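Asker: File input-v3.cif below, mmCIF, C-alpha atoms and all ligand atoms:
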data_coords
#
loop_
_atom_site.label_atom_id
_atom_site.label_comp_id
_atom_site.auth_asym_id
_atom_site.auth_seq_id
_atom_site.Cartn_x
_atom_site.Cartn_y
_atom_site.Cartn_z
CA MET A 1 33.43 65.86 76.16
CA LYS A 2 31.56 65.72 72.84
CA LYS A 3 31.93 69.43 72.00
CA THR A 4 33.63 72.50 73.43
CA ILE A 5 31.63 75.70 73.05
CA VAL A 6 32.76 79.23 73.84
CA ILE A 7 29.86 81.46 74.86
CA THR A 8 30.92 85.11 74.93
CA GLY A 9 29.08 87.56 77.17
CA GLY A 10 27.81 84.68 79.30
CA ALA A 11 27.72 86.77 82.49
CA GLY A 12 25.24 89.24 80.96
CA PHE A 13 21.47 89.15 80.88
CA ILE A 14 20.79 86.90 77.88
CA GLY A 15 24.19 85.18 77.96
CA SER A 16 23.61 83.84 81.48
CA HIS A 17 20.36 82.18 80.36
CA VAL A 18 22.14 80.68 77.32
CA VAL A 19 24.97 79.36 79.51
CA ARG A 20 22.49 77.80 81.96
CA GLU A 21 20.49 76.20 79.12
CA PHE A 22 23.63 74.65 77.60
CA VAL A 23 25.33 73.58 80.85
CA ASN A 24 22.19 71.81 82.08
CA LYS A 25 20.95 70.39 78.79
CA TYR A 26 24.29 69.18 77.41
CA PRO A 27 26.35 67.58 80.20
CA ASP A 28 28.66 66.17 77.53
CA TYR A 29 29.55 69.64 76.20
CA HIS A 30 32.30 71.72 77.79
CA ILE A 31 30.81 75.22 78.10
CA ILE A 32 33.31 78.06 78.36
CA ASN A 33 31.89 81.39 79.45
CA LEU A 34 34.22 84.10 78.11
CA ASP A 35 33.33 87.49 79.57
CA ALA A 36 35.20 90.70 80.42
CA LEU A 37 32.79 91.46 83.32
CA THR A 38 32.02 95.02 82.30
CA TYR A 39 29.39 96.87 84.34
CA ALA A 40 26.81 94.57 82.64
CA GLY A 41 28.53 91.30 83.52
CA ASN A 42 27.41 89.69 86.75
CA LEU A 43 28.58 86.22 87.78
CA GLU A 44 25.89 86.15 90.46
CA ASN A 45 23.57 85.35 87.53
CA LEU A 46 25.28 81.95 87.27
CA LYS A 47 25.65 80.91 90.91
CA ASP A 48 23.58 77.79 90.26
CA VAL A 49 25.92 76.38 87.57
CA LYS A 50 29.30 77.74 88.65
CA ASP A 51 30.46 74.40 90.08
CA ALA A 52 29.13 72.22 87.25
CA PRO A 53 31.86 69.89 85.92
CA ASN A 54 31.20 70.96 82.31
CA TYR A 55 31.48 74.73 83.00
CA THR A 56 34.53 77.01 82.88
CA PHE A 57 34.62 80.78 83.33
CA ILE A 58 37.36 82.83 81.65
CA LYS A 59 37.65 86.55 82.31
CA ALA A 60 38.79 88.01 79.00
CA ASP A 61 38.13 91.00 76.79
CA ILE A 62 37.21 90.31 73.16
CA THR A 63 38.91 93.53 72.05
CA HIS A 64 42.26 91.85 72.84
CA ALA A 65 43.00 89.94 69.64
CA ALA A 66 46.06 88.02 70.86
CA HIS A 67 44.26 86.84 74.01
CA MET A 68 41.35 85.55 71.93
CA LEU A 69 43.72 83.56 69.72
CA ASP A 70 45.51 82.11 72.79
CA ILE A 71 42.18 80.99 74.28
CA PHE A 72 41.03 79.42 71.02
CA ARG A 73 44.37 77.62 70.57
CA GLU A 74 44.25 76.30 74.12
CA TYR A 75 40.62 75.13 74.21
CA GLN A 76 40.08 74.30 70.49
CA PRO A 77 36.35 75.12 70.54
CA ASP A 78 33.98 73.42 68.10
CA GLY A 79 31.50 76.22 68.40
CA VAL A 80 31.18 79.88 69.36
CA ILE A 81 27.98 81.55 70.51
CA HIS A 82 28.80 85.23 70.49
CA LEU A 83 26.73 87.47 72.75
CA ALA A 84 29.38 89.77 74.26
CA ALA A 85 28.49 93.32 73.36
CA GLU A 86 27.81 96.79 74.59
CA SER A 87 24.02 96.51 74.50
CA HIS A 88 22.39 99.74 75.73
CA VAL A 89 21.24 102.26 73.10
CA ASP A 90 21.41 105.25 75.48
CA ARG A 91 25.04 104.47 76.39
CA SER A 92 25.87 104.22 72.67
CA ILE A 93 24.68 107.80 72.24
CA THR A 94 27.14 109.07 74.87
CA SER A 95 30.07 106.66 74.18
CA PRO A 96 29.85 105.41 70.56
CA THR A 97 33.51 104.38 70.30
CA ASP A 98 33.13 101.77 73.07
CA PHE A 99 30.45 100.17 70.87
CA VAL A 100 32.73 100.10 67.83
CA MET A 101 35.52 98.54 69.88
CA THR A 102 33.51 95.72 71.45
CA ASN A 103 30.76 95.12 68.92
CA VAL A 104 32.78 95.51 65.72
CA VAL A 105 36.48 95.04 66.53
CA GLY A 106 35.74 92.41 69.20
CA THR A 107 33.59 90.43 66.76
CA VAL A 108 36.30 90.55 64.09
CA ASN A 109 38.87 89.38 66.66
CA LEU A 110 36.70 86.34 67.43
CA LEU A 111 36.17 85.62 63.73
CA ASN A 112 39.94 85.74 63.19
CA ALA A 113 40.58 83.44 66.15
CA ALA A 114 38.00 80.94 64.88
CA ARG A 115 39.33 81.10 61.33
CA GLU A 116 42.91 80.59 62.46
CA THR A 117 42.00 77.70 64.79
CA TRP A 118 39.63 75.95 62.37
CA GLN A 119 41.90 76.13 59.28
CA GLY A 120 41.09 73.19 57.02
CA GLN A 121 38.85 71.59 59.69
CA LEU A 122 35.48 73.23 59.27
CA GLU A 123 33.40 70.04 59.56
CA GLY A 124 31.15 70.27 62.64
CA LYS A 125 32.27 73.82 63.45
CA ARG A 126 29.87 76.72 63.94
CA PHE A 127 30.11 80.45 64.74
CA HIS A 128 26.73 81.71 65.93
CA HIS A 129 26.44 85.49 66.08
CA VAL A 130 23.67 86.84 68.32
CA SER A 131 22.32 90.05 66.88
CA THR A 132 19.31 92.31 67.12
CA ASP A 133 16.27 93.45 65.17
CA GLU A 134 17.55 97.04 65.57
CA VAL A 135 19.82 96.52 62.53
CA TYR A 136 16.71 96.83 60.32
CA GLY A 137 16.00 100.37 61.53
CA THR A 138 12.44 101.39 62.20
CA LEU A 139 8.98 100.41 60.96
CA GLY A 140 6.02 102.73 60.43
CA ALA A 141 2.61 101.82 61.79
CA THR A 142 2.41 98.60 59.77
CA GLY A 143 4.68 95.82 58.44
CA LEU A 144 7.17 93.43 60.04
CA PHE A 145 10.95 92.88 59.79
CA THR A 146 11.79 89.80 57.73
CA GLU A 147 15.27 88.38 57.13
CA ASP A 148 15.24 90.24 53.77
CA THR A 149 14.49 93.68 55.20
CA PRO A 150 17.41 95.96 54.21
CA TYR A 151 19.68 97.07 57.04
CA ASP A 152 19.07 100.68 58.10
CA PRO A 153 20.48 101.26 61.60
CA HIS A 154 20.00 104.62 63.32
CA SER A 155 21.75 104.51 66.69
CA PRO A 156 25.49 103.97 67.24
CA TYR A 157 24.49 100.69 68.96
CA SER A 158 22.50 99.39 66.00
CA ALA A 159 25.13 100.65 63.54
CA SER A 160 27.79 98.68 65.41
CA LYS A 161 25.62 95.52 65.48
CA ALA A 162 24.80 95.92 61.76
CA SER A 163 28.52 96.24 61.05
CA SER A 164 29.26 93.08 63.05
CA ASP A 165 26.57 91.19 61.11
CA HIS A 166 28.19 92.29 57.83
CA PHE A 167 31.58 91.00 59.03
CA ILE A 168 30.01 87.65 59.94
CA ARG A 169 28.57 87.30 56.42
CA ALA A 170 31.83 88.52 54.85
CA TYR A 171 33.79 85.79 56.68
CA HIS A 172 31.28 83.21 55.45
CA ASP A 173 31.36 84.41 51.85
CA THR A 174 35.12 85.08 51.71
CA TYR A 175 36.65 82.37 53.88
CA GLY A 176 33.82 79.82 54.03
CA LEU A 177 33.51 80.17 57.80
CA PRO A 178 30.41 78.23 59.01
CA VAL A 179 28.29 80.99 60.51
CA VAL A 180 24.69 81.63 61.51
CA ILE A 181 23.13 84.90 62.66
CA THR A 182 20.04 85.41 64.81
CA ASN A 183 18.29 88.78 65.02
CA CYS A 184 16.03 88.93 68.05
CA SER A 185 13.50 91.44 69.35
CA ASN A 186 13.49 93.00 72.86
CA ASN A 187 14.08 90.47 75.62
CA TYR A 188 12.74 90.66 79.18
CA GLY A 189 13.00 88.36 82.18
CA PRO A 190 15.09 87.50 85.27
CA ASN A 191 18.56 89.09 85.53
CA HIS A 192 17.69 91.98 83.19
CA PHE A 193 20.04 94.86 83.99
CA PRO A 194 18.05 97.76 85.49
CA GLU A 195 19.14 100.34 82.92
CA LYS A 196 16.60 98.88 80.46
CA LEU A 197 12.91 99.87 80.50
CA ILE A 198 11.23 96.95 82.32
CA PRO A 199 13.71 96.31 85.18
CA LEU A 200 14.28 100.08 85.57
CA CYS A 201 10.55 100.56 86.13
CA ILE A 202 10.39 97.62 88.57
CA LEU A 203 13.29 99.08 90.56
CA ASN A 204 11.83 102.58 90.54
CA ILE A 205 8.38 101.38 91.62
CA LEU A 206 10.03 99.61 94.58
CA HIS A 207 11.91 102.83 95.44
CA GLY A 208 8.93 105.14 94.78
CA LYS A 209 10.88 106.94 92.06
CA PRO A 210 9.61 108.37 88.73
CA LEU A 211 9.11 105.98 85.79
CA PRO A 212 10.73 107.87 82.89
CA ILE A 213 8.82 107.56 79.59
CA TYR A 214 10.70 108.92 76.61
CA GLY A 215 8.75 111.27 74.30
CA ASP A 216 5.04 110.49 73.97
CA GLY A 217 5.44 106.85 75.04
CA LYS A 218 3.96 105.58 71.77
CA TYR A 219 7.18 103.88 70.65
CA THR A 220 6.57 100.20 70.06
CA ARG A 221 8.72 97.18 70.88
CA ASP A 222 8.17 93.43 70.35
CA TRP A 223 8.92 91.58 73.62
CA LEU A 224 10.21 88.02 74.03
CA TYR A 225 10.86 86.16 77.30
CA VAL A 226 14.61 85.66 77.67
CA VAL A 227 14.41 81.89 78.23
CA ASP A 228 12.59 81.61 74.90
CA HIS A 229 15.45 83.50 73.26
CA ALA A 230 17.94 81.04 74.80
CA ARG A 231 15.84 78.12 73.46
CA ALA A 232 15.86 79.65 69.98
CA ILE A 233 19.64 80.09 70.11
CA ASP A 234 20.02 76.43 71.06
CA LEU A 235 17.84 75.43 68.10
CA VAL A 236 19.58 77.62 65.51
CA PHE A 237 23.06 76.75 66.82
CA HIS A 238 22.32 73.06 66.29
CA GLU A 239 19.95 73.07 63.33
CA GLY A 240 20.31 76.35 61.43
CA GLU A 241 21.79 76.42 57.92
CA ASN A 242 25.28 77.79 57.48
CA GLY A 243 25.30 81.32 56.06
CA GLU A 244 21.65 81.92 57.04
CA SER A 245 20.09 84.40 59.41
CA TYR A 246 16.96 83.83 61.49
CA ASN A 247 14.69 86.43 63.05
CA ILE A 248 13.48 85.57 66.57
CA GLY A 249 10.36 87.10 68.08
CA GLY A 250 7.04 86.34 69.69
CA PHE A 251 4.56 88.45 67.69
CA ASN A 252 4.09 90.51 70.86
CA GLU A 253 4.04 94.26 70.24
CA TRP A 254 3.49 96.82 72.98
CA GLN A 255 3.58 100.61 73.00
CA ASN A 256 5.92 101.62 75.83
CA ILE A 257 3.23 103.48 77.76
CA ASP A 258 0.81 100.53 77.60
CA LEU A 259 3.54 98.16 78.71
CA VAL A 260 4.49 100.35 81.68
CA ARG A 261 0.83 100.72 82.67
CA GLU A 262 0.41 96.92 82.61
CA LEU A 263 3.60 96.56 84.67
CA CYS A 264 2.25 99.10 87.18
CA ARG A 265 -1.06 97.23 87.39
CA GLN A 266 0.66 93.93 88.15
CA MET A 267 3.09 95.54 90.61
CA ASP A 268 0.19 97.13 92.56
CA GLU A 269 -1.52 93.75 92.72
CA LYS A 270 1.60 91.84 93.80
CA LEU A 271 2.63 94.49 96.35
CA GLY A 272 -0.90 94.73 97.76
CA GLN A 273 -1.14 98.43 96.86
CA ALA A 274 -4.29 100.31 95.84
CA PRO A 275 -4.84 100.13 92.04
CA GLY A 276 -3.27 103.18 90.35
CA THR A 277 -0.52 103.67 92.99
CA ALA A 278 2.46 102.74 90.79
CA ALA A 279 1.07 104.49 87.70
CA GLN A 280 1.22 107.79 89.58
CA LEU A 281 5.01 107.57 89.18
CA ILE A 282 4.80 107.70 85.33
CA THR A 283 6.71 110.76 84.15
CA TYR A 284 7.16 111.84 80.54
CA VAL A 285 10.76 112.91 79.88
CA LYS A 286 12.91 114.16 76.98
CA ASP A 287 12.97 111.76 74.06
CA ARG A 288 15.92 109.55 73.08
CA PRO A 289 17.71 111.10 70.05
CA GLY A 290 17.14 109.09 66.85
CA HIS A 291 14.49 107.02 68.66
CA ASP A 292 13.17 104.23 66.40
CA LEU A 293 9.37 104.31 66.30
CA ARG A 294 8.54 100.64 66.01
CA TYR A 295 10.18 97.21 65.92
CA ALA A 296 8.20 94.07 65.06
CA ILE A 297 9.58 90.72 64.01
CA ASP A 298 8.21 88.33 61.42
CA ALA A 299 9.31 85.03 62.96
CA THR A 300 7.85 82.86 60.19
CA LYS A 301 11.19 81.49 58.98
CA ILE A 302 12.38 80.07 62.30
CA ASN A 303 8.87 78.74 62.92
CA THR A 304 8.41 76.98 59.57
CA GLU A 305 12.01 75.84 58.99
CA LEU A 306 13.02 74.90 62.54
CA GLY A 307 9.66 74.51 64.29
CA TYR A 308 10.35 77.23 66.87
CA GLU A 309 7.59 78.62 69.09
CA PRO A 310 7.88 80.67 72.29
CA SER A 311 6.96 78.63 75.37
CA VAL A 312 5.27 81.31 77.47
CA THR A 313 2.69 84.01 76.78
CA PHE A 314 3.58 87.61 77.60
CA GLU A 315 1.14 87.56 80.53
CA GLU A 316 2.93 84.57 82.06
CA GLY A 317 6.40 85.89 81.25
CA LEU A 318 5.81 89.35 82.70
CA SER A 319 4.19 87.93 85.84
CA HIS A 320 7.10 85.51 86.32
CA THR A 321 9.60 88.33 85.72
CA ILE A 322 8.03 90.56 88.36
CA ASP A 323 7.89 87.64 90.81
CA TRP A 324 11.58 86.94 90.16
CA PHE A 325 12.55 90.55 90.88
CA LEU A 326 10.43 90.62 94.04
CA GLU A 327 11.95 87.34 95.24
CA ASN A 328 15.46 88.52 94.31
CA ARG A 329 15.45 92.04 95.66
CA GLU A 330 18.93 91.45 96.99
CA TRP A 331 20.17 90.85 93.40
CA LEU A 332 18.46 94.04 92.28
CA GLU A 333 19.81 96.12 95.16
CA ARG A 334 23.36 94.75 94.71
CA VAL A 335 23.24 95.66 91.03
CA ASN A 336 21.83 99.06 91.86
CA SER A 337 24.53 99.75 94.46
CA GLY A 338 27.37 98.24 92.40
CA ALA A 339 28.11 95.61 95.08
CA TYR A 340 27.67 92.80 92.53
CA GLN A 341 31.02 93.76 91.07
CA ASP A 342 32.76 92.51 94.24
CA TYR A 343 31.43 88.99 93.67
CA TYR A 344 34.08 88.09 91.12
CA HIS A 345 36.88 89.02 93.53
CA GLU A 346 35.26 87.05 96.36
CA GLN A 347 34.65 83.94 94.25
CA TYR A 348 37.65 83.92 91.93
CA LYS A 349 40.40 85.38 94.15
CA ASP A 350 43.08 83.19 92.65
CA LYS A 351 42.22 83.77 88.95
P1 LIG A 401 24.25 92.69 78.46
O1 LIG A 401 24.71 94.10 78.32
O2 LIG A 401 23.33 92.33 79.57
O3 LIG A 401 25.53 91.71 78.58
C1 LIG A 401 26.65 91.87 77.78
C2 LIG A 401 27.73 90.95 78.33
O4 LIG A 401 28.89 91.10 77.47
C3 LIG A 401 28.19 91.31 79.74
O5 LIG A 401 28.35 90.14 80.51
C4 LIG A 401 29.52 91.99 79.53
O6 LIG A 401 30.44 91.84 80.62
C5 LIG A 401 30.05 91.29 78.29
N1 LIG A 401 31.00 92.13 77.54
C6 LIG A 401 30.83 93.41 77.15
N2 LIG A 401 31.95 93.86 76.52
C7 LIG A 401 32.81 92.81 76.50
C8 LIG A 401 34.12 92.63 75.99
N3 LIG A 401 34.77 93.64 75.38
N4 LIG A 401 34.71 91.41 76.10
C9 LIG A 401 34.06 90.38 76.71
N5 LIG A 401 32.83 90.52 77.25
C10 LIG A 401 32.20 91.71 77.14
O7 LIG A 401 23.64 92.31 77.04
P2 LIG A 401 22.36 91.44 76.70
O8 LIG A 401 21.16 92.29 76.78
O9 LIG A 401 22.44 90.18 77.46
O10 LIG A 401 22.64 91.16 75.15
C11 LIG A 401 23.46 90.07 74.76
C12 LIG A 401 23.56 90.06 73.24
O11 LIG A 401 22.26 89.93 72.67
C13 LIG A 401 24.15 91.33 72.65
O12 LIG A 401 24.97 90.97 71.57
C14 LIG A 401 22.93 92.10 72.16
O13 LIG A 401 23.26 92.92 71.06
C15 LIG A 401 22.01 90.99 71.76
N6 LIG A 401 20.57 91.26 71.86
C16 LIG A 401 20.05 91.77 72.99
C17 LIG A 401 18.67 91.97 73.08
C18 LIG A 401 18.02 92.51 74.34
O14 LIG A 401 16.83 92.78 74.34
N7 LIG A 401 18.75 92.66 75.44
C19 LIG A 401 17.84 91.66 72.01
C20 LIG A 401 18.45 91.15 70.83
C21 LIG A 401 19.80 90.94 70.78
O1 LIG A 402 15.24 95.32 69.96
C1 LIG A 402 16.30 94.65 70.56
C2 LIG A 402 17.06 95.62 71.46
O2 LIG A 402 16.25 95.85 72.60
C3 LIG A 402 18.43 95.09 71.86
O3 LIG A 402 19.22 94.94 70.72
C4 LIG A 402 19.10 96.04 72.86
O4 LIG A 402 20.32 95.50 73.30
C5 LIG A 402 18.17 96.22 74.05
O5 LIG A 402 18.72 97.15 74.95
C6 LIG A 402 16.79 96.71 73.58
O6 LIG A 402 16.87 98.05 73.05
P1 LIG A 402 15.76 99.15 73.37
O7 LIG A 402 16.35 100.49 73.20
O8 LIG A 402 14.50 98.85 72.65
O9 LIG A 402 15.50 98.81 74.94
P2 LIG A 402 15.29 99.78 76.20
O10 LIG A 402 14.83 98.93 77.34
O11 LIG A 402 16.45 100.69 76.41
O12 LIG A 402 14.06 100.68 75.73
C7 LIG A 402 12.81 100.10 75.38
C8 LIG A 402 11.89 101.25 74.95
O13 LIG A 402 11.59 102.06 76.09
C9 LIG A 402 12.51 102.19 73.94
O14 LIG A 402 11.51 102.66 73.05
C10 LIG A 402 13.03 103.34 74.79
C11 LIG A 402 12.03 103.40 75.92
N1 LIG A 402 12.56 103.84 77.23
C12 LIG A 402 13.70 103.26 77.70
C13 LIG A 402 14.23 103.63 78.92
C14 LIG A 402 15.51 103.02 79.44
C15 LIG A 402 11.87 104.78 77.96
O15 LIG A 402 10.80 105.30 77.52
N2 LIG A 402 12.38 105.16 79.17
C16 LIG A 402 13.54 104.63 79.68
O16 LIG A 402 13.97 105.03 80.80
#
Just give me the structure of the file as structure tokens.
Ligand code: NAD
Ligand code: DAU

Answerer:
Amino acid sequence: MKKTIVITGGAGFIGSHVVREFVNKYPDYHIINLDALTYAGNLENLKDVKDAPNYTFIKADITHAAHMLDIFREYQPDGVIHLAAESHVDRSITSPTDFVMTNVVGTVNLLNAARETWQGQLEGKRFHHVSTDEVYGTLGATGLFTEDTPYDPHSPYSASKASSDHFIRAYHDTYGLPVVITNCSNNYGPNHFPEKLIPLCILNILHGKPLPIYGDGKYTRDWLYVVDHARAIDLVFHEGENGESYNIGGFNEWQNIDLVRELCRQMDEKLGQAPGTAAQLITYVKDRPGHDLRYAIDATKINTELGYEPSVTFEEGLSHTIDWFLENREWLERVNSGAYQDYYHEQYKDK
């Protein structure tokens, strides 16, 4: 094998798309999916690649420093693509310490394992940290986040991701570790866990349940199709400059209420319901504390320096996403019921 790459959080939403992209595109790479399988980890996302000869799954928790070092010593990875994280803002408000443990301590454990394993042999090595636009805080009605926007996180989630980004840069500046950071906007697409806005609304429309809109619904997010995020990670992992960070986005801003209305429109059409049926479920609820008003990415750097462009329009991506959820209702119902968590035990009894 030409390279061994550890992808952390590969059983999650974005991680599973990154694993698939790498396993299929690089048959001469050994791809190791390192994931603790928390509530957000679902190996059913990777059924199609689980038997590929260049794929290995390791169940491991990044908060366990000694275990990380053992894995790195055994597999001697050339690269790390680090996605494992607690990722849901609302959960960070109720359980902030879990976010510090995984997102900060877990990241430092991986940095230490890489540093220890790569001592004196940094040529061809790369630690790619996958981060978020939420580290920049919030925008007013105008402006975009660039790579130079000062960090100003507001939620425990974004504070923990900002902290992890600082550790990544500190290990580059202090120890010369070859790192890159990507800060991406909101992703959507197949396998999205139905605690997040879009899949939650799809699930609730199918169940005839209320679609909860926080506050006045005028909060704005910048949405990117998950496969396009995976493509950008591939590009930056291979061609980004050490020590640099790259914003990833699709110049695609939507106010939450407009997005949910568009989702309702498409769901009515695809389900053969009268127009307006799904939108009747829209329900305004109590706002999220510390809710950031607006995120919007300036993706000029990755576009001009690395030639990156999203491959699908939002219209295509949203339509494909809804089709995927309708064709994979079993996936959605198994996640909703918790049955997906049995899959690991069925498939990996002996591990
Ligand atoms: P997710 O919650 O769907 O998946 C997280 C994965 O990490 C799961 O498979 C989970 O089992 C694993 N994990 C959690 N704690 C772990 C631990 N202690 N040890 C090992 N594995 C652990 O998250 P996601 O939405 O796919 O996000 C992936 C990454 O991308 C995160 O770092 C997130 O901050 C970042 N990101 C997400 C978005 C988005 O819109 N979802 C946007 C930008 C950046
Ligand atoms: O911007 C990137 C971030 O996007 C990632 O770093 C996070 O991991 C990811 O979860 C996402 O964070 P958000 O908080 O923006 O995503 P979420 O889907 O939770 O919410 C999107 C918007 O919708 C936000 O303004 C809150 C609102 N919302 C969310 C939920 C779950 C609602 O109005 N109702 C809801 O029920």

Asker: Against stretch 282-294 of chain A, which residues of stretch 194-248 of chain A fall within 12 Å? For each one I want the closest pair of atoms and the distance in Å (one decimal), counting all atoms listed in the file, rows by chain and increasing residue number, as a Markdown table.

Answerer:
| residue | atom | partner | partner_atom | distance |
| --- | --- | --- | --- | --- |
| A:Cys201 | CA | A:Ile282 | CA | 9.2 |
| A:Ile202 | CA | A:Ile282 | CA | 12.0 |
| A:Asn204 | CA | A:Ile282 | CA | 10.1 |
| A:Ile205 | CA | A:Ile282 | CA | 9.6 |
| A:Gly208 | CA | A:Ile282 | CA | 10.6 |
| A:Lys209 | CA | A:Ile282 | CA | 9.1 |
| A:Pro210 | CA | A:Thr283 | CA | 5.9 |
| A:Leu211 | CA | A:Ile282 | CA | 4.7 |
| A:Pro212 | CA | A:Thr283 | CA | 5.1 |
| A:Ile213 | CA | A:Tyr284 | CA | 4.7 |
| A:Tyr214 | CA | A:Asp287 | CA | 4.4 |
| A:Gly215 | CA | A:Asp287 | CA | 4.3 |
| A:Asp216 | CA | A:Tyr284 | CA | 7.0 |
| A:Gly217 | CA | A:Tyr284 | CA | 7.6 |
| A:Lys218 | CA | A:Leu293 | CA | 7.8 |
| A:Tyr219 | CA | A:Leu293 | CA | 4.9 |
| A:Thr220 | CA | A:Arg294 | CA | 4.5 |
| A:Arg221 | CA | A:Arg294 | CA | 6.0 |
| A:Asp222 | CA | A:Arg294 | CA | 8.4 |
| A:Trp223 | CA | A:Arg294 | CA | 11.8 |

Asker: Could you pull out the residues sitting within 6 Å of ligand LIG 402 (chain A), using only C-alpha atoms and all ligand atoms, and write them as a compact mmCIF listing (two decimals) with C-alpha atoms, keeping the file's coordinate frame?

Answerer:
# COMPACT_ATOMS: atom_id res chain seq x y z
CA SER A 87 24.02 96.51 74.50
CA HIS A 88 22.39 99.74 75.73
CA VAL A 89 21.24 102.26 73.10
CA THR A 132 19.31 92.31 67.12
CA ASP A 133 16.27 93.45 65.17
CA GLU A 134 17.55 97.04 65.57
CA SER A 185 13.50 91.44 69.35
CA ASN A 186 13.49 93.00 72.86
CA GLU A 195 19.14 100.34 82.92
CA LYS A 196 16.60 98.88 80.46
CA LEU A 197 12.91 99.87 80.50
CA PRO A 212 10.73 107.87 82.89
CA ILE A 213 8.82 107.56 79.59
CA TYR A 214 10.70 108.92 76.61
CA TYR A 219 7.18 103.88 70.65
CA ASN A 256 5.92 101.62 75.83

Asker: Give the residue list for ligand LIG 401 (chain A) at 8 Å, counting all atoms listed in the file, as a PDB file with C-alpha atoms, keeping the file's coordinate frame, sorted by chain and then by residue number.

Answerer:
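Result written to part.pdb:
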ATOM      1  CA  THR A   8      30.920  85.110  74.930  1.00  0.00           C
ATOM      2  CA  GLY A   9      29.080  87.560  77.170  1.00  0.00           C
ATOM      3  CA  GLY A  10      27.810  84.680  79.300  1.00  0.00           C
ATOM      4  CA  ALA A  11      27.720  86.770  82.490  1.00  0.00           C
ATOM      5  CA  GLY A  12      25.240  89.240  80.960  1.00  0.00           C
ATOM      6  CA  PHE A  13      21.470  89.150  80.880  1.00  0.00           C
ATOM      7  CA  ILE A  14      20.790  86.900  77.880  1.00  0.00           C
ATOM      8  CA  GLY A  15      24.190  85.180  77.960  1.00  0.00           C
ATOM      9  CA  SER A  16      23.610  83.840  81.480  1.00  0.00           C
ATOM     10  CA  LEU A  34      34.220  84.100  78.110  1.00  0.00           C
ATOM     11  CA  ASP A  35      33.330  87.490  79.570  1.00  0.00           C
ATOM     12  CA  ALA A  36      35.200  90.700  80.420  1.00  0.00           C
ATOM     13  CA  LEU A  37      32.790  91.460  83.320  1.00  0.00           C
ATOM     14  CA  THR A  38      32.020  95.020  82.300  1.00  0.00           C
ATOM     15  CA  TYR A  39      29.390  96.870  84.340  1.00  0.00           C
ATOM     16  CA  ALA A  40      26.810  94.570  82.640  1.00  0.00           C
ATOM     17  CA  GLY A  41      28.530  91.300  83.520  1.00  0.00           C
ATOM     18  CA  ASN A  42      27.410  89.690  86.750  1.00  0.00           C
ATOM     19  CA  LYS A  59      37.650  86.550  82.310  1.00  0.00           C
ATOM     20  CA  ALA A  60      38.790  88.010  79.000  1.00  0.00           C
ATOM     21  CA  ASP A  61      38.130  91.000  76.790  1.00  0.00           C
ATOM     22  CA  ILE A  62      37.210  90.310  73.160  1.00  0.00           C
ATOM     23  CA  THR A  63      38.910  93.530  72.050  1.00  0.00           C
ATOM     24  CA  HIS A  82      28.800  85.230  70.490  1.00  0.00           C
ATOM     25  CA  LEU A  83      26.730  87.470  72.750  1.00  0.00           C
ATOM     26  CA  ALA A  84      29.380  89.770  74.260  1.00  0.00           C
ATOM     27  CA  ALA A  85      28.490  93.320  73.360  1.00  0.00           C
ATOM     28  CA  GLU A  86      27.810  96.790  74.590  1.00  0.00           C
ATOM     29  CA  SER A  87      24.020  96.510  74.500  1.00  0.00           C
ATOM     30  CA  HIS A  88      22.390  99.740  75.730  1.00  0.00           C
ATOM     31  CA  MET A 101      35.520  98.540  69.880  1.00  0.00           C
ATOM     32  CA  THR A 102      33.510  95.720  71.450  1.00  0.00           C
ATOM     33  CA  ASN A 103      30.760  95.120  68.920  1.00  0.00           C
ATOM     34  CA  GLY A 106      35.740  92.410  69.200  1.00  0.00           C
ATOM     35  CA  HIS A 129      26.440  85.490  66.080  1.00  0.00           C
ATOM     36  CA  VAL A 130      23.670  86.840  68.320  1.00  0.00           C
ATOM     37  CA  SER A 131      22.320  90.050  66.880  1.00  0.00           C
ATOM     38  CA  THR A 132      19.310  92.310  67.120  1.00  0.00           C
ATOM     39  CA  ASP A 133      16.270  93.450  65.170  1.00  0.00           C
ATOM     40  CA  GLU A 134      17.550  97.040  65.570  1.00  0.00           C
ATOM     41  CA  LYS A 161      25.620  95.520  65.480  1.00  0.00           C
ATOM     42  CA  ASN A 183      18.290  88.780  65.020  1.00  0.00           C
ATOM     43  CA  CYS A 184      16.030  88.930  68.050  1.00  0.00           C
ATOM     44  CA  SER A 185      13.500  91.440  69.350  1.00  0.00           C
ATOM     45  CA  ASN A 186      13.490  93.000  72.860  1.00  0.00           C
ATOM     46  CA  ASN A 187      14.080  90.470  75.620  1.00  0.00           C
ATOM     47  CA  TYR A 188      12.740  90.660  79.180  1.00  0.00           C
ATOM     48  CA  HIS A 192      17.690  91.980  83.190  1.00  0.00           C
ATOM     49  CA  PHE A 193      20.040  94.860  83.990  1.00  0.00           C
TER      50      PHE A 193
END

Asker: What does the distance from atom CA of A:Glu315 to atom CA of A:Ala299 come to in Å, to one decimal?

Answerer: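 Those two atoms sit 19.5 Å apart.
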
Asker: I'd like the interatomic distance between atom CA of A:Gly240 and atom CA of A:Leu144, to a tenth of an Å.

Answerer: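 Distance reported for this atom pair: 21.6 Å.
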
Asker: One decimal, in Å: what's the spacing between atom CA of A:Val100 and atom CA of A:Ser160?

Answerer: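 It comes out at 5.7 Å.
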
Asker: Using all atoms listed in the file, which residues sit within 12 Å of A:Glu316 once same-chain residues fewer than 4 positions away are excluded, as number ranges by chain?

Answerer: A: 188-189, 224-225, 266, 310-312, 320-323

Asker: Identify, on the basis of only C-alpha atoms, every residue whose closest approach to stretch 119-128 of chain A does not exceed 10 Å; exclude the query and any residue fewer than 5 positions from it along the same chain; express the result as a PyMOL selection string.

Answerer: chain A and resi 3+5-7+77-83+110-111+114+168+172+175-182+233-234+236-238+240+242-243+245
